[in-house]
$ cat coords24.txt   # compact mmCIF, C-alpha atoms and all ligand atoms
# COMPACT_ATOMS: atom_id res chain seq x y z
CA MET A 19 105.44 20.17 26.97
CA LEU A 20 104.36 23.80 26.46
CA THR A 21 100.93 24.81 27.74
CA LEU A 22 98.81 27.89 27.35
CA ASP A 23 96.83 29.36 30.24
CA PRO A 24 93.47 30.98 29.40
CA PRO A 25 93.07 34.78 29.72
CA SER A 26 90.88 34.22 32.80
CA HIS A 27 93.86 32.64 34.64
CA PRO A 28 95.11 34.83 37.54
CA ASN A 29 98.44 35.26 35.70
CA PRO A 30 98.62 33.73 32.21
CA TYR A 31 101.70 35.79 31.22
CA PRO A 32 104.44 33.26 32.21
CA SER A 33 102.81 30.66 29.94
CA TYR A 34 102.83 33.23 27.11
CA ALA A 35 106.52 33.97 27.76
CA ASN A 36 107.38 30.27 27.49
CA LEU A 37 105.70 30.02 24.11
CA ARG A 38 107.24 33.28 22.93
CA GLN A 39 110.76 32.06 23.73
CA HIS A 40 110.36 29.44 20.98
CA GLY A 41 109.41 32.11 18.41
CA GLY A 42 107.39 31.50 15.23
CA LEU A 43 104.34 29.26 15.31
CA HIS A 44 103.92 26.54 17.89
CA TYR A 45 101.37 23.71 17.55
CA LEU A 46 99.32 22.90 20.66
CA GLU A 47 97.84 19.39 20.50
CA ALA A 48 95.11 19.83 23.10
CA PRO A 49 93.11 22.63 21.45
CA GLY A 50 94.55 21.50 18.07
CA LEU A 51 95.75 24.88 16.85
CA TRP A 52 98.82 26.88 15.98
CA VAL A 53 99.79 29.72 18.32
CA ALA A 54 101.52 32.92 17.19
CA SER A 55 102.97 34.53 20.32
CA ASP A 56 105.90 36.77 19.30
CA ALA A 57 105.40 40.22 17.81
CA ALA A 58 106.81 39.37 14.35
CA THR A 59 104.58 36.31 13.83
CA VAL A 60 101.49 38.06 15.24
CA ALA A 61 102.04 40.98 12.84
CA GLU A 62 102.51 38.54 9.94
CA ALA A 63 99.27 36.67 10.79
CA PHE A 64 97.29 39.93 10.74
CA GLU A 65 98.72 40.87 7.33
CA GLN A 66 98.36 37.44 5.68
CA PRO A 67 95.47 37.57 3.11
CA ALA A 68 94.93 33.79 3.35
CA CYS A 69 94.30 33.99 7.11
CA HIS A 70 90.56 34.70 7.43
CA VAL A 71 88.43 35.75 10.40
CA ARG A 72 86.00 32.83 10.09
CA PRO A 73 86.37 29.19 8.99
CA HIS A 74 85.19 28.69 5.40
CA GLU A 75 82.85 25.82 6.38
CA GLU A 76 81.27 27.69 9.31
CA PRO A 77 80.81 31.42 8.51
CA VAL A 78 78.36 31.66 11.42
CA PRO A 79 78.89 29.55 14.59
CA ALA A 80 76.63 26.48 14.42
CA THR A 81 75.39 27.22 17.95
CA ILE A 82 73.56 30.37 16.81
CA ALA A 83 73.24 29.83 13.04
CA ASP A 84 69.48 29.10 13.10
CA GLY A 85 67.94 32.33 14.29
CA PRO A 86 68.15 36.13 14.38
CA ALA A 87 71.46 36.24 16.30
CA GLY A 88 73.08 34.15 13.55
CA GLU A 89 71.54 36.32 10.82
CA LEU A 90 72.97 39.43 12.47
CA PHE A 91 76.38 37.81 13.04
CA GLY A 92 76.64 36.84 9.37
CA ARG A 93 76.37 40.50 8.31
CA LEU A 94 79.11 41.88 10.59
CA MET A 95 82.23 43.32 8.96
CA ARG A 96 84.21 41.81 11.84
CA MET A 97 83.16 38.33 10.67
CA ASN A 98 83.58 38.71 6.91
CA GLU A 99 86.26 39.11 4.26
CA GLY A 100 86.16 40.84 0.88
CA GLU A 101 83.39 43.29 -0.01
CA ALA A 102 81.12 42.18 2.88
CA HIS A 103 83.94 43.38 5.15
CA GLN A 104 85.04 46.43 3.18
CA ALA A 105 81.66 48.04 2.36
CA PRO A 106 80.48 48.63 5.96
CA ARG A 107 84.02 49.54 6.98
CA ARG A 108 84.24 52.20 4.23
CA PHE A 109 81.02 53.75 5.47
CA LEU A 110 81.64 53.56 9.24
CA MET A 111 85.34 54.51 9.44
CA PRO A 112 84.82 58.17 8.43
CA PHE A 113 81.93 58.40 10.90
CA LEU A 114 84.04 56.97 13.77
CA ASN A 115 87.10 59.03 12.81
CA ALA A 116 85.06 62.24 12.85
CA LEU A 117 83.74 61.77 16.41
CA ASP A 118 84.74 64.63 18.64
CA ASP A 119 86.89 63.89 21.75
CA GLU A 120 85.07 66.57 23.76
CA GLU A 121 81.71 65.01 22.93
CA ILE A 122 82.98 61.55 23.96
CA ALA A 123 84.19 63.06 27.27
CA ARG A 124 80.92 64.90 27.91
CA LEU A 125 78.69 61.90 27.15
CA THR A 126 80.82 59.60 29.31
CA ARG A 127 80.99 61.92 32.32
CA TYR A 128 77.26 62.61 32.15
CA ARG A 129 76.30 58.93 32.08
CA LEU A 130 78.72 58.11 34.91
CA SER A 131 77.20 60.90 37.00
CA ALA A 132 73.84 59.03 37.20
CA SER A 133 75.18 57.51 40.43
CA ASP A 134 77.50 58.80 43.21
CA VAL A 135 78.89 55.30 43.69
CA PRO A 136 78.32 53.37 40.46
CA ALA A 137 78.36 49.57 40.58
CA PRO A 138 81.63 48.47 38.91
CA SER A 139 79.56 46.53 36.36
CA ASP A 140 77.71 49.72 35.38
CA ALA A 141 80.95 51.68 35.00
CA MET A 142 82.49 48.84 32.98
CA PHE A 143 79.66 47.59 30.74
CA ARG A 144 76.66 49.89 30.84
CA VAL A 145 78.20 53.36 30.59
CA PRO A 146 80.39 52.63 27.50
CA VAL A 147 77.54 51.00 25.56
CA MET A 148 75.21 53.90 26.46
CA VAL A 149 77.81 56.37 25.16
CA ILE A 150 78.09 54.52 21.84
CA ALA A 151 74.29 54.30 21.64
CA ALA A 152 74.07 58.08 22.12
CA LEU A 153 76.70 58.66 19.41
CA LEU A 154 74.71 56.46 17.02
CA GLY A 155 71.57 58.56 17.55
CA CYS A 156 69.72 56.50 20.17
CA PRO A 157 67.17 58.60 22.11
CA PRO A 158 68.40 58.98 25.75
CA GLU A 159 65.37 57.16 27.20
CA HIS A 160 66.26 54.00 25.22
CA GLU A 161 69.98 53.87 26.00
CA ALA A 162 69.75 51.70 29.13
CA TRP A 163 67.40 49.27 27.39
CA LEU A 164 69.75 49.09 24.40
CA ALA A 165 72.70 48.37 26.71
CA ALA A 166 70.76 45.52 28.38
CA GLN A 167 69.83 43.96 25.01
CA THR A 168 73.43 44.29 23.80
CA SER A 169 74.57 42.46 26.91
CA ARG A 170 72.15 39.58 26.16
CA PHE A 171 73.24 39.41 22.53
CA VAL A 172 76.95 39.30 23.46
CA ALA A 173 76.45 36.62 26.14
CA GLY A 174 74.83 34.33 23.56
CA LEU A 175 77.81 34.65 21.17
CA ASN A 176 80.27 33.41 23.79
CA PRO A 177 81.13 29.81 22.86
CA LEU A 178 81.23 29.09 26.61
CA GLY A 179 77.62 30.34 26.99
CA THR A 180 74.55 28.20 27.79
CA SER A 181 71.54 27.30 25.61
CA VAL A 182 69.39 29.67 27.70
CA GLN A 183 71.83 32.51 26.92
CA ARG A 184 71.76 31.62 23.22
CA GLU A 185 67.98 31.72 23.13
CA ALA A 186 68.05 35.12 24.90
CA ALA A 187 70.60 36.30 22.29
CA HIS A 188 68.16 35.49 19.46
CA ARG A 189 65.40 37.54 21.13
CA ALA A 190 67.85 40.38 21.83
CA ALA A 191 69.07 40.37 18.21
CA GLU A 192 65.46 40.68 17.01
CA ALA A 193 64.76 43.55 19.40
CA LEU A 194 68.02 45.34 18.53
CA MET A 195 67.44 45.07 14.77
CA ALA A 196 63.91 46.46 15.13
CA THR A 197 65.05 49.38 17.32
CA VAL A 198 68.30 50.35 15.61
CA SER A 199 66.58 50.38 12.21
CA ARG A 200 64.51 53.30 13.53
CA PHE A 201 67.58 55.47 14.28
CA GLU A 202 67.55 58.32 11.80
CA THR A 203 70.82 60.07 11.01
CA LEU A 204 73.18 57.29 9.92
CA PRO A 205 70.68 55.27 7.85
CA THR A 206 69.83 58.42 5.91
CA ARG A 207 73.51 59.10 5.19
CA ALA A 208 74.06 55.47 4.13
CA GLN A 209 71.35 55.48 1.49
CA GLY A 210 72.67 54.25 -1.83
CA THR A 211 75.97 53.03 -0.34
CA LEU A 212 74.94 50.28 2.06
CA ALA A 213 71.88 48.01 2.27
CA PRO A 214 69.79 48.91 5.34
CA ASP A 215 70.06 45.43 6.95
CA ILE A 216 73.88 45.53 6.59
CA LEU A 217 74.07 48.98 8.14
CA VAL A 218 71.78 48.06 11.06
CA ALA A 219 73.77 44.87 11.78
CA ASN A 220 77.04 46.81 11.78
CA LEU A 221 75.69 49.53 14.06
CA ILE A 222 74.71 46.75 16.48
CA GLY A 223 78.22 45.41 15.85
CA LEU A 224 79.67 48.66 17.21
CA LEU A 225 77.59 48.26 20.37
CA SER A 226 78.49 44.59 20.80
CA GLN A 227 82.23 45.10 20.07
CA THR A 228 82.24 47.83 22.71
CA HIS A 229 80.53 45.74 25.38
CA ASP A 230 83.10 43.24 26.64
CA ALA A 231 86.33 44.80 25.39
CA THR A 232 85.79 48.26 26.87
CA ALA A 233 84.48 46.71 30.10
CA GLY A 234 87.69 44.69 30.35
CA LEU A 235 89.84 47.76 29.76
CA ILE A 236 88.04 49.75 32.47
CA GLY A 237 88.06 46.77 34.86
CA ASN A 238 91.77 46.06 34.32
CA ALA A 239 92.53 49.77 34.81
CA MET A 240 90.62 49.70 38.13
CA LEU A 241 92.72 46.67 39.16
CA ALA A 242 95.95 48.43 38.15
CA LEU A 243 95.00 51.37 40.38
CA HIS A 244 93.85 49.13 43.22
CA ALA A 245 97.26 47.45 43.24
CA ARG A 246 99.18 50.78 43.11
CA PRO A 247 97.99 53.22 45.81
CA SER A 248 100.72 55.74 44.99
CA LEU A 249 99.72 55.84 41.30
CA ARG A 250 96.09 56.25 42.38
CA ASP A 251 97.01 59.24 44.56
CA ALA A 252 99.23 60.78 41.88
CA LEU A 253 96.51 60.53 39.21
CA ALA A 254 93.81 61.87 41.54
CA HIS A 255 95.91 65.07 41.69
CA ARG A 256 97.02 64.95 38.05
CA PRO A 257 94.07 63.57 36.03
CA GLU A 258 95.73 64.49 32.72
CA GLY A 259 97.96 61.42 33.30
CA VAL A 260 94.99 59.00 33.22
CA ALA A 261 95.04 58.66 29.39
CA THR A 262 98.65 57.40 29.49
CA MET A 263 97.82 55.01 32.32
CA ILE A 264 94.96 53.55 30.23
CA GLU A 265 97.33 53.04 27.28
CA GLU A 266 99.79 51.18 29.49
CA VAL A 267 96.96 48.99 30.88
CA GLU A 268 95.85 48.11 27.35
CA ARG A 269 99.45 47.05 26.53
CA HIS A 270 100.39 45.38 29.82
CA ASP A 271 97.13 43.71 30.95
CA PRO A 272 94.77 44.02 27.98
CA PRO A 273 91.07 43.17 27.86
CA VAL A 274 91.43 41.12 24.65
CA HIS A 275 94.25 38.56 24.76
CA SER A 276 93.84 36.88 21.42
CA THR A 277 91.90 36.46 18.23
CA GLN A 278 91.76 33.64 15.72
CA ARG A 279 92.59 33.20 12.08
CA PHE A 280 91.39 30.37 9.85
CA VAL A 281 93.61 29.35 6.96
CA ALA A 282 91.76 29.55 3.62
CA ALA A 283 94.68 28.71 1.30
CA SER A 284 98.21 27.35 1.80
CA CYS A 285 100.42 30.08 3.21
CA GLN A 286 103.54 30.58 5.30
CA LEU A 287 103.82 32.23 8.73
CA GLY A 288 107.41 32.46 9.95
CA ASP A 289 109.06 29.18 8.90
CA THR A 290 105.83 27.19 9.03
CA TRP A 291 103.66 26.25 6.08
CA LEU A 292 99.96 26.16 6.90
CA LYS A 293 97.28 24.32 4.98
CA PRO A 294 93.60 25.17 4.40
CA GLY A 295 91.56 24.29 7.50
CA ASP A 296 94.35 25.11 9.99
CA THR A 297 93.54 27.48 12.84
CA VAL A 298 95.91 30.08 14.30
CA LEU A 299 95.49 31.62 17.73
CA VAL A 300 96.97 35.12 17.44
CA LEU A 301 98.14 35.85 20.97
CA THR A 302 98.23 39.64 20.96
CA ALA A 303 98.68 39.96 24.74
CA SER A 304 101.93 38.00 24.42
CA ALA A 305 103.18 40.09 21.47
CA ASN A 306 102.66 43.21 23.63
CA ARG A 307 105.31 41.83 25.99
CA ASP A 308 107.85 40.91 23.32
CA ALA A 309 111.23 42.30 24.43
CA ALA A 310 112.24 42.61 20.75
CA LEU A 311 109.90 45.60 20.50
CA THR A 312 109.40 46.82 24.05
CA PRO A 313 112.17 47.24 26.61
CA ASP A 314 111.18 46.08 30.11
CA ALA A 315 107.94 44.80 28.59
CA ASP A 316 106.78 42.81 31.65
CA HIS A 317 106.71 45.92 33.80
CA PHE A 318 103.90 48.42 34.09
CA ARG A 319 105.56 51.75 33.26
CA LEU A 320 103.89 55.02 32.38
CA GLU A 321 107.05 56.55 30.91
CA ARG A 322 107.79 54.81 27.65
CA ARG A 323 109.50 56.33 24.64
CA GLN A 324 107.24 54.33 22.36
CA ARG A 325 104.33 52.12 23.34
CA ILE A 326 103.78 49.24 20.90
CA SER A 327 100.60 47.26 21.35
CA PHE A 328 98.63 44.68 19.35
CA SER A 329 95.59 44.89 21.63
CA PHE A 330 93.46 46.53 18.94
CA GLY A 331 94.63 44.17 16.22
CA ALA A 332 96.41 45.19 13.01
CA GLY A 333 95.99 44.87 9.26
CA ARG A 334 92.68 44.98 7.40
CA HIS A 335 90.49 44.07 10.44
CA HIS A 336 92.21 46.40 12.93
CA CYS A 337 89.83 47.90 15.46
CA PRO A 338 88.13 51.09 14.31
CA GLY A 339 87.00 51.82 17.90
CA ARG A 340 90.44 52.33 19.48
CA ARG A 341 90.18 56.08 20.05
CA LEU A 342 86.62 55.77 21.31
CA ALA A 343 87.46 52.94 23.72
CA LEU A 344 90.53 54.76 25.10
CA GLY A 345 88.52 58.00 25.43
CA ILE A 346 85.59 56.39 27.23
CA ALA A 347 87.88 54.42 29.57
CA THR A 348 89.92 57.55 30.36
CA HIS A 349 86.83 59.52 31.37
CA VAL A 350 85.26 56.67 33.34
CA ILE A 351 88.48 56.21 35.34
CA THR A 352 88.93 59.98 35.82
CA GLY A 353 85.35 60.16 37.14
CA LEU A 354 85.92 57.22 39.50
CA LEU A 355 89.16 58.73 40.84
CA GLU A 356 87.18 61.88 41.73
CA ARG A 357 85.04 59.65 43.99
CA ARG A 358 87.93 59.55 46.43
CA GLU A 359 87.63 56.15 48.15
CA TYR A 360 85.95 54.33 45.27
CA VAL A 361 88.92 52.26 44.10
CA ASN A 362 89.71 51.24 47.72
CA THR A 363 86.25 49.66 48.07
CA LEU A 364 86.69 47.24 45.16
CA HIS A 365 86.75 43.46 45.51
CA HIS A 366 88.21 41.32 42.79
CA GLN A 367 86.68 37.89 42.31
CA GLY A 368 88.58 36.40 39.39
CA TYR A 369 87.72 36.83 35.72
CA LEU A 370 84.67 36.06 33.61
CA PRO A 371 84.95 32.80 31.62
CA SER A 372 86.14 33.67 28.13
CA ARG A 373 88.43 32.19 25.46
CA HIS A 374 89.86 35.52 24.35
CA GLY A 375 88.88 38.22 26.85
CA ARG A 376 90.25 39.18 30.27
CA ILE A 377 87.37 40.86 32.10
CA PRO A 378 87.58 41.02 35.89
CA ARG A 379 84.61 40.37 38.17
CA LEU A 380 84.55 43.39 40.46
CA THR A 381 82.18 44.46 43.20
CA SER A 382 82.30 47.45 45.49
CA THR A 383 81.33 47.48 49.16
CA GLN A 384 79.60 50.82 48.57
CA GLU A 385 77.85 50.25 45.29
CA GLU A 386 74.48 51.80 44.49
CA HIS A 387 72.41 50.59 41.59
CA ALA A 388 71.31 53.46 39.39
C1 LIG A 401 89.33 48.26 24.76
C2 LIG A 401 88.41 48.13 23.86
C3 LIG A 401 88.60 47.39 22.57
C4 LIG A 401 89.53 46.44 22.21
C5 LIG A 401 90.69 45.89 23.04
C6 LIG A 401 89.22 46.05 20.85
C7 LIG A 401 89.95 45.13 20.13
C8 LIG A 401 89.70 44.77 18.84
C9 LIG A 401 90.48 43.83 18.07
C10 LIG A 401 91.70 43.05 18.58
C11 LIG A 401 89.94 43.76 16.84
C12 LIG A 401 90.45 42.91 15.66
C13 LIG A 401 89.92 41.53 15.71
C14 LIG A 401 90.57 40.66 14.65
O1 LIG A 401 91.30 41.14 13.76
O2 LIG A 401 90.36 39.43 14.71
C15 LIG A 401 88.79 44.61 16.82
C16 LIG A 401 87.96 44.78 15.75
C17 LIG A 401 86.86 45.57 15.78
N1 LIG A 401 86.48 46.44 16.79
FE1 LIG A 401 87.37 46.69 18.55
N2 LIG A 401 88.14 46.75 20.42
C18 LIG A 401 87.73 47.59 21.43
C19 LIG A 401 86.70 48.49 21.40
C20 LIG A 401 85.92 48.71 20.32
C21 LIG A 401 84.88 49.72 20.24
C22 LIG A 401 84.57 50.76 21.32
C23 LIG A 401 84.28 49.57 19.03
C24 LIG A 401 83.13 50.34 18.46
C25 LIG A 401 83.08 51.60 18.28
C26 LIG A 401 84.96 48.49 18.33
C27 LIG A 401 84.63 48.05 17.07
C28 LIG A 401 85.33 47.08 16.39
C29 LIG A 401 84.93 46.60 15.06
C30 LIG A 401 83.70 47.02 14.27
C31 LIG A 401 85.89 45.66 14.68
C32 LIG A 401 85.94 44.86 13.38
C33 LIG A 401 86.77 45.63 12.37
C34 LIG A 401 86.94 44.88 11.06
O3 LIG A 401 86.68 43.67 11.01
O4 LIG A 401 87.33 45.52 10.08
N3 LIG A 401 85.95 48.01 19.13
N4 LIG A 401 88.68 45.23 18.04
$ encode --input "coords24.txt" --output "structure tokens"
Amino acid sequence: MLTLDPPSHPNPYPSYANLRQHGGLHYLEAPGLWVASDAATVAEAFEQPACHVRPHEEPVPATIADGPAGELFGRLMRMNEGEAHQAPRRFLMPFLNALDDEEIARLTRYRLSASDVPAPSDAMFRVPVMVIAALLGCPPEHEAWLAAQTSRFVAGLNPLGTSVQREAAHRAAEALMATVSRFETLPTRAQGTLAPDILVANLIGLLSQTHDATAGLIGNAMLALHARPSLRDALAHRPEGVATMIEEVERHDPPVHSTQRFVAASCQLGDTWLKPGDTVLVLTASANRDAALTPDADHFRLERRQRISFSFGAGRHHCPGRRLALGIATHVITGLLERREYVNTLHHQGYLPSRHGRIPRLTSTQEEHA
């Protein structure tokens, strides 16, 4: 019987490879869902109009539906189809596309420089969210507060979270909506195109989408360097190679391993017919290692003629934050490599519990709390 290890498993990749060998969709009885694990089926799932991001009967998870966190969730483009998805995306894509790489670098390096030896959790979670907050027009004195509230909101959305975390997420959602609605530049530009509550929710969405995924990318990049002392030394002398290393980390050991699709109308993926109510786990981390697209896919290699990755999704919901996430991670890692012994001092204590994310728990023997 085929099994699927969770992304928090020390090495889930052999279980992905077993599934991938069978190709197409495979039904797993225990979670009761279909799994798409090869590149062709993953790409098809992302393009299929009848495969939606939320189940029809539960647009907002029941665990948070009654309260401000649920209200906010229900307005996110990430969690909607049709015009509720397209309208915020139409407004925010040009804003995100226009962000300047130099500005992203400057904001990241400045926030990382608050501490000589940043705690890994600050470098992973706090710095990226503070950078996004700054780009959205948050006054500098509120950035750390905003990052802390984002963290509470995100923890309450995790289906593996506790009732205490969910209650904290409602309070954080309230606080975030009140604060972000006072940001000036973007709401002024959105007037007449987007309702204020939709804009505010989707700006908070940018902060919350950044939180875990970018943390996982930075954490997995730290682990890749920890395991490869010669790469660490080479990049310390040649920091212009860090961007390529980050791209290989996001292909080879990505922070997001999967996403889900909920079948809204009968449709076909590969040779399998799906019916309304079926759920598909789209195993992007497995598709990244599909030999049909990537030679020597199981190996971490900086030199690749073409790097094909599904880590940022594809199709109509593909991630609009890819360039930002890669830019922030590149400058965080470059800054940490300049702190010569930093990567040597890391301790890895497994991964945070998550159904879709691979985010390492890291501590440093030298850490200072800013
Ligand atoms: C390494 C970091 C990141 C990874 C791996 C990642 C991955 C993804 C993936 C896989 C999706 C598609 C989900 C699906 O189709 O079910 C997605 C969507 C999204 N991401 Fe990211 N993301 C990252 C960082 C960011 C950042 C920094 C932002 C904010 C600027 C962001 C904003 C979004 C938004 C708003 C969506 C929803 C798009 C839509 O529904 O049209 N992400 N991301």
$ atom_distance --input "coords24.txt" --atom1 "CA of Gly331 in chain A" --atom2 "CA of Arg307 in chain A"
14.7 Å
$ axis_aligned_box --input "coords24.txt" --around "ligand LIG 401 (chain A)" --padding-each-side "5 Å" --output "lines of an AutoDock Vina configuration file"
center_x = 87.4
center_y = 45.5
center_z = 17.4
size_x = 18.6
size_y = 22.2
size_z = 24.7
$ closest_atom_pairs --input "coords24.txt" --of "chain A" --to "ligand LIG 401 (chain A)" --cutoff "8 Å" --atoms "all atoms listed in the file" --output "Markdown table"
| residue | atom | partner | partner_atom | distance |
| --- | --- | --- | --- | --- |
| A:Phe64 | CA | A:LIG401 | O1 | 6.8 |
| A:Val71 | CA | A:LIG401 | O2 | 6.0 |
| A:Leu94 | CA | A:LIG401 | O3 | 7.8 |
| A:Met95 | CA | A:LIG401 | O3 | 4.9 |
| A:Arg96 | CA | A:LIG401 | O3 | 3.2 |
| A:Met97 | CA | A:LIG401 | O3 | 6.4 |
| A:Asn98 | CA | A:LIG401 | O3 | 7.1 |
| A:His103 | CA | A:LIG401 | O4 | 6.4 |
| A:Gln104 | CA | A:LIG401 | O4 | 7.3 |
| A:Arg107 | CA | A:LIG401 | O4 | 6.1 |
| A:Leu114 | CA | A:LIG401 | C25 | 7.1 |
| A:Pro146 | CA | A:LIG401 | C22 | 7.7 |
| A:Ile150 | CA | A:LIG401 | C25 | 6.8 |
| A:Asn220 | CA | A:LIG401 | C30 | 7.1 |
| A:Gly223 | CA | A:LIG401 | C30 | 5.9 |
| A:Leu224 | CA | A:LIG401 | C24 | 4.0 |
| A:Leu225 | CA | A:LIG401 | C24 | 6.2 |
| A:Ser226 | CA | A:LIG401 | C24 | 7.8 |
| A:Gln227 | CA | A:LIG401 | C26 | 4.7 |
| A:Thr228 | CA | A:LIG401 | C22 | 4.0 |
| A:His229 | CA | A:LIG401 | C22 | 7.6 |
| A:Asp230 | CA | A:LIG401 | C2 | 7.7 |
| A:Ala231 | CA | A:LIG401 | C2 | 4.2 |
| A:Thr232 | CA | A:LIG401 | C2 | 4.0 |
| A:Ala233 | CA | A:LIG401 | C1 | 7.4 |
| A:Gly234 | CA | A:LIG401 | C1 | 6.8 |
| A:Leu235 | CA | A:LIG401 | C1 | 5.1 |
| A:Ile236 | CA | A:LIG401 | C1 | 8.0 |
| A:Glu268 | CA | A:LIG401 | C1 | 7.0 |
| A:Pro272 | CA | A:LIG401 | C5 | 6.7 |
| A:Pro273 | CA | A:LIG401 | C5 | 5.5 |
| A:Val274 | CA | A:LIG401 | C5 | 5.1 |
| A:Ser276 | CA | A:LIG401 | C10 | 7.1 |
| A:Thr277 | CA | A:LIG401 | O2 | 4.9 |
| A:Gln278 | CA | A:LIG401 | O2 | 6.0 |
| A:Arg279 | CA | A:LIG401 | O2 | 7.1 |
| A:Thr302 | CA | A:LIG401 | C10 | 7.7 |
| A:Phe328 | CA | A:LIG401 | C10 | 7.2 |
| A:Ser329 | CA | A:LIG401 | C5 | 5.2 |
| A:Phe330 | CA | A:LIG401 | C10 | 3.9 |
| A:Gly331 | CA | A:LIG401 | C10 | 3.9 |
| A:Ala332 | CA | A:LIG401 | O1 | 6.6 |
| A:Gly333 | CA | A:LIG401 | O1 | 7.5 |
| A:Arg334 | CA | A:LIG401 | O4 | 6.0 |
| A:His335 | CA | A:LIG401 | O4 | 3.5 |
| A:His336 | CA | A:LIG401 | C12 | 4.8 |
| A:Cys337 | CA | A:LIG401 | C16 | 3.6 |
| A:Pro338 | CA | A:LIG401 | C28 | 5.3 |
| A:Gly339 | CA | A:LIG401 | C23 | 3.7 |
| A:Arg340 | CA | A:LIG401 | C19 | 5.7 |
| A:Arg341 | CA | A:LIG401 | C22 | 7.8 |
| A:Leu342 | CA | A:LIG401 | C22 | 5.4 |
| A:Ala343 | CA | A:LIG401 | C22 | 4.3 |
| A:Leu344 | CA | A:LIG401 | C1 | 6.6 |
| A:Ala347 | CA | A:LIG401 | C1 | 7.9 |
$ residues_around --input "coords24.txt" --residues "range 246-262 of chain A" --least-positions-apart "2" --cutoff "12 Å" --atoms "only C-alpha atoms" --output "MDAnalysis selection string"
chainID A and resid 123 236 239:244 264:269 318:325 341 343:362
$ atom_distance --input "coords24.txt" --atom1 "CA of Glu62 in chain A" --atom2 "CA of Asn176 in chain A"
26.7 Å
$ build_atoms --input "coords24.txt" --residues "range 135-147 of chain A" --atoms "N, CA and C atoms" --output "PDB file, keeping the file's coordinate frame"
ATOM      1  N   VAL A 135      77.997  56.462  43.553  1.00  0.00           N
ATOM      2  CA  VAL A 135      78.890  55.300  43.690  1.00  0.00           C
ATOM      3  C   VAL A 135      78.403  54.233  42.704  1.00  0.00           C
ATOM      4  N   PRO A 136      78.822  54.326  41.444  1.00  0.00           N
ATOM      5  CA  PRO A 136      78.320  53.370  40.460  1.00  0.00           C
ATOM      6  C   PRO A 136      78.786  51.952  40.757  1.00  0.00           C
ATOM      7  N   ALA A 137      77.917  50.973  40.490  1.00  0.00           N
ATOM      8  CA  ALA A 137      78.360  49.570  40.580  1.00  0.00           C
ATOM      9  C   ALA A 137      79.482  49.404  39.565  1.00  0.00           C
ATOM     10  N   PRO A 138      80.561  48.660  39.902  1.00  0.00           N
ATOM     11  CA  PRO A 138      81.630  48.470  38.910  1.00  0.00           C
ATOM     12  C   PRO A 138      81.089  47.945  37.578  1.00  0.00           C
ATOM     13  N   SER A 139      80.068  47.073  37.625  1.00  0.00           N
ATOM     14  CA  SER A 139      79.560  46.530  36.360  1.00  0.00           C
ATOM     15  C   SER A 139      78.898  47.615  35.521  1.00  0.00           C
ATOM     16  N   ASP A 140      78.296  48.608  36.160  1.00  0.00           N
ATOM     17  CA  ASP A 140      77.710  49.720  35.380  1.00  0.00           C
ATOM     18  C   ASP A 140      78.816  50.553  34.737  1.00  0.00           C
ATOM     19  N   ALA A 141      79.855  50.862  35.536  1.00  0.00           N
ATOM     20  CA  ALA A 141      80.950  51.680  35.000  1.00  0.00           C
ATOM     21  C   ALA A 141      81.674  50.946  33.865  1.00  0.00           C
ATOM     22  N   MET A 142      81.736  49.617  33.964  1.00  0.00           N
ATOM     23  CA  MET A 142      82.490  48.840  32.980  1.00  0.00           C
ATOM     24  C   MET A 142      81.665  48.561  31.710  1.00  0.00           C
ATOM     25  N   PHE A 143      80.436  48.068  31.899  1.00  0.00           N
ATOM     26  CA  PHE A 143      79.660  47.590  30.740  1.00  0.00           C
ATOM     27  C   PHE A 143      78.616  48.607  30.262  1.00  0.00           C
ATOM     28  N   ARG A 144      77.843  49.135  31.242  1.00  0.00           N
ATOM     29  CA  ARG A 144      76.660  49.890  30.840  1.00  0.00           C
ATOM     30  C   ARG A 144      77.005  51.268  30.283  1.00  0.00           C
ATOM     31  N   VAL A 145      77.880  51.987  31.009  1.00  0.00           N
ATOM     32  CA  VAL A 145      78.200  53.360  30.590  1.00  0.00           C
ATOM     33  C   VAL A 145      78.792  53.384  29.164  1.00  0.00           C
ATOM     34  N   PRO A 146      79.825  52.563  28.857  1.00  0.00           N
ATOM     35  CA  PRO A 146      80.390  52.630  27.500  1.00  0.00           C
ATOM     36  C   PRO A 146      79.359  52.347  26.398  1.00  0.00           C
ATOM     37  N   VAL A 147      78.514  51.332  26.620  1.00  0.00           N
ATOM     38  CA  VAL A 147      77.540  51.000  25.560  1.00  0.00           C
ATOM     39  C   VAL A 147      76.517  52.139  25.420  1.00  0.00           C
TER      40      VAL A 147
END
